[in-house]
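Since the structure comes first, as structure tokens, the remarks are kept for the end.
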Amino acid sequence: MIHNDVPSLEDPPGFVVRTEIEKAAAARGYRLARGRVGAWFGYESTSAHGRIWLASVGSDGPWYLALDHPGVVAEIGLSDTRPGPGLVRYAFASKSDLYDGLDRVWRLSASLPSVPLREFEDQTATLPRSTEAERWVVQRVGQNVFRDALMKYWNGCCPLTGIASPELLRASHIVAWADCDNDAHRLDVHNGLLLSALWDAAFDRGLVSFSDEGEVLYAAGLTETVRAHLGSPMSLAPRLNPCHYSNLARHRVAFGFDSPAPITANV
């Protein structure tokens, strides 16, 4: 059905549109072609869950991306009104925007909702856990899987400082590994923040925490000198998901940020 408020998709897609769609999908990790439905080409990835579909109005765009991964849809939010396959559709004015959108979708699909847990279970299925040393090995595997998932989820960048050097980034559990309810909780990317080393140390020791609105909460005893060394953080709010909230609440309770009231700073 043609909607008068949106331009018609090129159907069947011509050579240029088809070629550009194939290039975009392959460049962002979606190399498994899954056929065509009208104007939409379907693709899957060997390293990320869910199926995507791509279409275009013409060689100059706009370009459209459809998704069937509910976890990714919840992370991205608002979508385009165009009808099509999948759960939602998104519009991109340029090929560059499409590439950026596909990159984010792949990163989220590779880390949500239970991909890290399955990787951890696969890697540790045959590892013994009888002794403390053996359990430590299993934990290290989990922490490495968790870090890799957070690197994907946060696009390899600390949301507070903008630091993108892997050597300076830490996979920070919001609820500590030992305090998590189960392995699914330990490996859940919504129980983690990718922070620069200094912010990770402060967060891990309860010198700072975060509100659900993305405000930095400073411990009452934190000196102005230390706060100055931490610098002026960017906003955490744009990347917080409701799934983070219960974990952040537990962190605030664990370190006494809910009572008495800590010092707050709008970020």
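Letters for chains follow the order of the structure tokens (A, B, ...), residue numbers begin at 1 for each chain, and ligand numbers begin at 1 in the order shown.
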
Exercise for review: Go through region 83-188 of chain A and collect every residue that DSSP, computed from the backbone, puts in strand (DSSP E or B); the answer should be as a ChimeraX atom specification.
Suggested key: /A:88-92,169-173

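The neighbours of region 154-161 of chain A here are the residues that come within 8 Å of it, using only C-alpha atoms and leaving out any residue fewer than 3 positions away in the same chain; they are Arg104, Arg107, Leu150, Met151, Ala164, Ser165, Pro166, Leu169, Leu193, Leu194, Leu195, Ser196, Pro233, Met234, Ser235, Leu236 and Arg239 of chain A.
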
I'd like the neighbourhood of Arg18 (chain A) as an mmCIF file with N, CA and C atoms, in the first residue's frame, where a residue qualifies if any of its atoms comes within 10 Å (using only C-alpha atoms), though same-chain residues fewer than 6 positions away should be ignored.
data_model
loop_
_atom_site.group_PDB
_atom_site.id
_atom_site.type_symbol
_atom_site.label_atom_id
_atom_site.label_comp_id
_atom_site.auth_asym_id
_atom_site.auth_seq_id
_atom_site.Cartn_x
_atom_site.Cartn_y
_atom_site.Cartn_z
ATOM 1 N N GLU A 10 12.042 2.170 -4.161
ATOM 2 C CA GLU A 10 12.384 1.649 -5.489
ATOM 3 C C GLU A 10 12.127 0.142 -5.494
ATOM 4 N N PRO A 12 11.031 -2.967 -8.267
ATOM 5 C CA PRO A 12 12.207 -3.635 -7.707
ATOM 6 C C PRO A 12 13.415 -2.708 -7.667
ATOM 7 N N ALA A 39 10.674 -4.271 -1.909
ATOM 8 C CA ALA A 39 11.816 -3.365 -2.027
ATOM 9 C C ALA A 39 12.890 -3.631 -0.978
ATOM 10 N N TRP A 40 12.633 -4.547 -0.058
ATOM 11 C CA TRP A 40 13.508 -4.743 1.093
ATOM 12 C C TRP A 40 14.414 -5.966 0.921
ATOM 13 N N PHE A 41 15.728 -5.775 1.137
ATOM 14 C CA PHE A 41 16.692 -6.869 1.143
ATOM 15 C C PHE A 41 16.970 -7.274 2.582
ATOM 16 N N LEU A 54 16.992 -3.749 4.352
ATOM 17 C CA LEU A 54 17.395 -2.448 3.836
ATOM 18 C C LEU A 54 16.646 -2.145 2.550
ATOM 19 N N ALA A 55 16.312 -0.874 2.374
ATOM 20 C CA ALA A 55 15.617 -0.431 1.163
ATOM 21 C C ALA A 55 15.955 1.031 0.934
ATOM 22 N N SER A 56 15.585 1.551 -0.245
ATOM 23 C CA SER A 56 15.839 2.952 -0.546
ATOM 24 C C SER A 56 14.817 3.481 -1.536
ATOM 25 N N GLY A 58 15.818 5.645 -3.794
ATOM 26 C CA GLY A 58 16.611 5.742 -5.013
ATOM 27 C C GLY A 58 18.075 5.836 -4.671
ATOM 28 N N SER A 59 18.917 6.029 -5.680
ATOM 29 C CA SER A 59 20.360 6.018 -5.463
ATOM 30 C C SER A 59 20.827 7.167 -4.577
#

Practice item. Pick out the closest residue to Arg252 (chain A) from this set: A:Leu240, A:Ala219, A:Val17, A:Ala25. Count only C-alpha atoms. Key: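 Of A:Leu240, A:Ala219, A:Val17, A:Ala25, the one nearest Arg252 (chain A) is A:Ala219, counting only C-alpha atoms.
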
Review point. CA of Glu119 (chain A) to CA of Ala237 (chain A): how many Å, to one decimal?
Key: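 Value for the CA of Glu119 (chain A)-CA of Ala237 (chain A) distance: 28.9 Å.
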
Point to revise | Using only C-alpha atoms: which of A:His244, A:His190, A:Arg250, A:Arg31 has the shortest distance to Tyr153 (chain A) | key: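 Of A:His244, A:His190, A:Arg250, A:Arg31, the one nearest Tyr153 (chain A), counting only C-alpha atoms, is A:His190.
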
Check your understanding: region 84-99 of chain A: which residues within 10 Å, counting only C-alpha atoms, same-chain residues fewer than 6 positions away excluded, as number ranges by chain?
Key -> A: 20-21, 23-25, 27-28, 37-42, 50-56, 59-70, 73, 76-78, 105

Point to revise | Distance of CA of Arg227 (chain A) from CA of Cys180 (chain A), expressed in Å to one decimal place | key: 29.1 Å

**Study point:** Which of region 81-255 of chain A DSSP labels helix (DSSP H, G or I), written as a PyMOL selection string
**Key:** chain A and resi 95-109+115-124+132-153+166-168+177-179+183-186+189-191+197-204+224-230+237-239+242-254

Who sits within 8 Å of region 182-186 of chain A, only C-alpha atoms, same chain under 4 positions skipped, as a PDB file with N, CA and C atoms, in the first residue's frame:
ATOM      1  N   SER A 114      21.193 -11.522  25.681  1.00  0.00           N
ATOM      2  CA  SER A 114      21.872 -12.578  26.437  1.00  0.00           C
ATOM      3  C   SER A 114      23.060 -13.149  25.678  1.00  0.00           C
ATOM      4  N   LEU A 117      26.094 -13.938  27.969  1.00  0.00           N
ATOM      5  CA  LEU A 117      25.873 -15.117  28.804  1.00  0.00           C
ATOM      6  C   LEU A 117      26.119 -16.392  28.014  1.00  0.00           C
ATOM      7  N   HIS A 173      31.442  -3.090  36.588  1.00  0.00           N
ATOM      8  CA  HIS A 173      30.171  -3.647  37.043  1.00  0.00           C
ATOM      9  C   HIS A 173      29.465  -2.628  37.935  1.00  0.00           C
ATOM     10  N   ALA A 176      28.444  -5.418  41.836  1.00  0.00           N
ATOM     11  CA  ALA A 176      29.682  -6.186  41.782  1.00  0.00           C
ATOM     12  C   ALA A 176      29.432  -7.652  41.417  1.00  0.00           C
ATOM     13  N   TRP A 177      30.411  -8.260  40.758  1.00  0.00           N
ATOM     14  CA  TRP A 177      30.315  -9.655  40.322  1.00  0.00           C
ATOM     15  C   TRP A 177      29.848 -10.558  41.459  1.00  0.00           C
ATOM     16  N   ASN A 191      24.185  -4.041  33.427  1.00  0.00           N
ATOM     17  CA  ASN A 191      24.827  -4.018  34.738  1.00  0.00           C
ATOM     18  C   ASN A 191      26.268  -3.547  34.603  1.00  0.00           C
TER      19      ASN A 191
END

**Study point:** Counting only C-alpha atoms, the option among A:Arg34, A:Arg118, A:Arg205, A:Arg135 closest to Leu222 (chain A)
**Key:** A:Arg205
